[in-house]
Amino acid sequence: MDSPLQSLPLFMAGPVPIMASVVVTWAIMAVLVCGAILLTRRLTLVPSRTQAAAELLVTTVDGQIRDVTGAAPGPYRAFIGTLFLFILTANWSSLIPGVTPPTATMETPAALAALVFLSIIFFGVRGGGVGGFLRGFAMPNPVMIPLNMLESITRSFSMFVRLFGNVMSGVFVIAIVGSLAALLVPIPLMVLDLLTGAVQAYIFAILSMVFITSAVEKGAPQPKES
């Protein structure tokens, strides 16, 4: 069995190795984009079951964002919603025979954590400007600047480790049990893996929103004392 820390190329595009996780990621992105286009091309006032399900998903995402931030969900809906749907689909791709979910390799969780790190900077700067965002590192006093900077990096790193570790361990457990037991025995573990995949997608999205909100609030102009 190959090491989970080692990614083997599926094929070569000239001198560039293309990993299996990259191909699966492209496929998931294509499915999500095509699905979004098909769902939104014929919206009606009286929604179909599919449109109603999509509206329920959007409403749920908006509710979670509003509960976490206390602000209008509009500025964050696209990023947080896409993040959740991608991770959920990637985690559940393990149900397809022969497919290893891209979140079970190091590259994809690392890339997602990097996106969250950059989004914290983006939303923080947009909410309070460059000066306000940088001043957030000096709270509650300038002595905390190095620790606050280190914290901003370690938080994203912890998200990477959590997502990669949980998904990868689930895939390995099912693979080992499937190789040792009968065909139907791993089914309960696969159901548990579905639940774990959904929970991990939810936790990743919520933590992203918490960290973004923290950066926005720290960088926001403080009310002057009267």
# chains A, B, ... in the order shown; residues from 1 in each chain; ligands from 1
>>> residues_around(residues="Ala215 in chain A", least_positions_apart="2", cutoff="7 Å", atoms="only C-alpha atoms", output="PyMOL selection string")
chain A and resi 120+124+133+211-213+217-219
>>> write_last_selection(atoms="N, CA and C atoms", output="compact mmCIF listing (two decimals), in the first residue's frame")
# COMPACT_ATOMS: atom_id res chain seq x y z
N ILE A 120 -8.98 35.27 4.61
CA ILE A 120 -8.94 36.04 5.86
C ILE A 120 -8.30 37.40 5.61
N GLY A 124 -10.48 40.75 5.66
CA GLY A 124 -10.00 41.65 6.70
C GLY A 124 -9.62 43.01 6.15
N PHE A 133 -6.50 46.15 9.18
CA PHE A 133 -6.16 44.73 9.24
C PHE A 133 -4.85 44.51 9.99
N PHE A 211 -12.86 32.49 11.50
CA PHE A 211 -11.58 33.18 11.36
C PHE A 211 -11.72 34.45 10.52
N ILE A 212 -12.54 34.39 9.46
CA ILE A 212 -12.76 35.57 8.64
C ILE A 212 -13.44 36.66 9.46
N THR A 213 -14.46 36.27 10.23
CA THR A 213 -15.18 37.24 11.06
C THR A 213 -14.26 37.88 12.08
N GLU A 217 -13.64 41.86 12.32
CA GLU A 217 -13.97 42.59 13.54
C GLU A 217 -12.75 43.30 14.13
N LYS A 218 -11.59 42.65 14.07
CA LYS A 218 -10.38 43.28 14.60
C LYS A 218 -9.97 44.48 13.78
N GLY A 219 -10.20 44.42 12.45
CA GLY A 219 -9.77 45.50 11.58
C GLY A 219 -10.80 46.61 11.45
>>> residues_around(residues="range 69-74 of chain A", least_positions_apart="6", cutoff="8 Å", atoms="only C-alpha atoms", output="PyMOL selection string")
chain A and resi 62-63+209-210+213
>>> write_last_selection(atoms="C-alpha atoms", output="short mmCIF file (atom, residue, chain, number, x, y, z; two decimals), in the first residue's frame")
data_model
loop_
_atom_site.label_atom_id
_atom_site.label_comp_id
_atom_site.auth_asym_id
_atom_site.auth_seq_id
_atom_site.Cartn_x
_atom_site.Cartn_y
_atom_site.Cartn_z
CA ASP A 62 -27.09 32.05 4.79
CA GLY A 63 -28.49 31.15 8.21
CA MET A 209 -16.23 31.84 8.71
CA VAL A 210 -15.14 32.22 12.34
CA THR A 213 -15.18 37.24 11.06
#
>>> closest_residue(among="A:Met106, A:Ile153, A:Val173, A:Leu95", to="Val191 in chain A", atoms="only C-alpha atoms")
A:Leu95
>>> residues_around(residues="Met139 in chain A", least_positions_apart="5", cutoff="9 Å", atoms="only C-alpha atoms", output="CSV table (one decimal) with N, CA and C atoms, in the first residue's frame")
chain,number,residue,atom,x,y,z
A,144,MET,N,1.7,41.5,21.5
A,144,MET,CA,1.1,40.3,21.0
A,144,MET,C,1.3,40.1,19.5
A,145,ILE,N,2.0,41.1,18.8
A,145,ILE,CA,2.1,41.0,17.4
A,145,ILE,C,2.7,39.7,16.9
A,148,ASN,N,0.2,36.8,17.5
A,148,ASN,CA,-1.0,36.9,16.7
A,148,ASN,C,-0.7,36.5,15.2
A,218,LYS,N,-11.6,42.7,14.1
A,218,LYS,CA,-10.4,43.3,14.6
A,218,LYS,C,-10.0,44.5,13.8
>>> closest_atom_pairs(of="range 70-185 of chain A", to="range 200-207 of chain A", cutoff="8 Å", atoms="only C-alpha atoms", output="CSV")
residue,atom,partner,partner_atom,distance
A:Ile80,CA,A:Ala205,CA,5.9
A:Gly81,CA,A:Ala205,CA,7.9
A:Leu83,CA,A:Ala205,CA,6.4
A:Phe84,CA,A:Ala201,CA,5.4
A:Leu85,CA,A:Ala201,CA,7.7
A:Ile87,CA,A:Ala201,CA,5.3
A:Leu88,CA,A:Ala201,CA,5.3
A:Met159,CA,A:Phe204,CA,6.8
A:Leu163,CA,A:Gln200,CA,6.5
A:Asn166,CA,A:Gln200,CA,7.8
>>> select_by_dssp(residues="range 50-115 of chain A", states="helix (DSSP H, G or I)", output="ChimeraX atom specification")
/A:50-69,74-95,102-104,107-115
>>> atom_distance(atom1="CA of Thr108 in chain A", atom2="CA of Gly165 in chain A")
12.2 Å
>>> residues_around(residues="Ser169 in chain A", least_positions_apart="4", cutoff="12 Å", atoms="only C-alpha atoms", output="list of chain:residue names")
A:Pro4, A:Asn91, A:Thr100, A:Pro101, A:Thr103, A:Ala104, A:Thr105, A:Val161, A:Arg162, A:Leu163, A:Phe164, A:Gly165, A:Val173, A:Ile174, A:Ala175, A:Ile176, A:Leu189, A:Asp193, A:Thr196, A:Gly197
>>> closest_residue(among="A:Ser94, A:Ala78, A:Thr40, A:Pro102", to="Val23 in chain A", atoms="only C-alpha atoms")
A:Pro102
>>> closest_residue(among="A:Arg155, A:Pro140, A:Ile96, A:Phe160", to="Ala110 in chain A", atoms="only C-alpha atoms")
A:Phe160
>>> atom_distance(atom1="CA of Ala138 in chain A", atom2="CA of Ser158 in chain A")
22.4 Å
>>> closest_residue(among="A:Pro75, A:Pro109, A:Gly131, A:Pro17", to="Ala90 in chain A", atoms="only C-alpha atoms")
A:Pro109
>>> atom_distance(atom1="CA of Thr44 in chain A", atom2="CA of Val58 in chain A")
15.8 Å
>>> closest_residue(among="A:Met190, A:Ala111, A:Val143, A:Val46", to="Phe157 in chain A", atoms="only C-alpha atoms")
A:Ala111
>>> decode(residues="range 110-161 of chain A", atoms="C-alpha atoms", output="short mmCIF file (atom, residue, chain, number, x, y, z; two decimals), in the first residue's frame")
data_model
loop_
_atom_site.label_atom_id
_atom_site.label_comp_id
_atom_site.auth_asym_id
_atom_site.auth_seq_id
_atom_site.Cartn_x
_atom_site.Cartn_y
_atom_site.Cartn_z
CA ALA A 110 -3.26 22.26 1.96
CA ALA A 111 -4.63 24.25 -1.00
CA LEU A 112 -7.99 24.72 0.75
CA ALA A 113 -6.28 25.90 3.93
CA ALA A 114 -4.20 28.34 1.85
CA LEU A 115 -7.40 29.68 0.27
CA VAL A 116 -8.88 30.24 3.72
CA PHE A 117 -5.69 32.01 4.83
CA LEU A 118 -5.85 34.33 1.79
CA SER A 119 -9.58 34.90 2.28
CA ILE A 120 -8.94 36.04 5.86
CA ILE A 121 -6.55 38.66 4.52
CA PHE A 122 -8.94 39.66 1.72
CA PHE A 123 -12.03 40.08 3.88
CA GLY A 124 -10.00 41.65 6.70
CA VAL A 125 -8.52 44.28 4.38
CA ARG A 126 -11.88 44.90 2.71
CA GLY A 127 -13.57 45.35 6.08
CA GLY A 128 -11.08 47.69 7.73
CA GLY A 129 -8.51 48.63 5.12
CA VAL A 130 -4.85 47.63 5.13
CA GLY A 131 -4.14 49.71 8.24
CA GLY A 132 -7.07 48.30 10.15
CA PHE A 133 -6.16 44.73 9.24
CA LEU A 134 -2.57 45.20 10.37
CA ARG A 135 -3.66 46.92 13.58
CA GLY A 136 -5.62 43.79 14.42
CA PHE A 137 -2.33 41.99 15.02
CA ALA A 138 -1.49 44.52 17.75
CA MET A 139 -4.56 43.73 19.83
CA PRO A 140 -4.83 43.80 22.79
CA ASN A 141 -1.34 45.33 22.84
CA PRO A 142 1.71 45.48 20.51
CA VAL A 143 3.54 42.80 22.52
CA MET A 144 1.13 40.27 21.01
CA ILE A 145 2.08 41.01 17.38
CA PRO A 146 4.41 37.98 16.91
CA LEU A 147 1.97 35.62 18.63
CA ASN A 148 -1.02 36.93 16.67
CA MET A 149 0.86 36.51 13.39
CA LEU A 150 1.87 32.98 14.36
CA GLU A 151 -1.71 32.22 15.37
CA SER A 152 -3.04 33.28 11.95
CA ILE A 153 -0.73 30.72 10.32
CA THR A 154 -1.27 27.89 12.78
CA ARG A 155 -5.06 28.18 12.55
CA SER A 156 -4.97 27.50 8.81
CA PHE A 157 -2.44 24.72 9.35
CA SER A 158 -4.69 23.07 11.94
CA MET A 159 -7.59 23.12 9.44
CA PHE A 160 -5.37 21.36 6.89
CA VAL A 161 -4.29 18.69 9.39
#
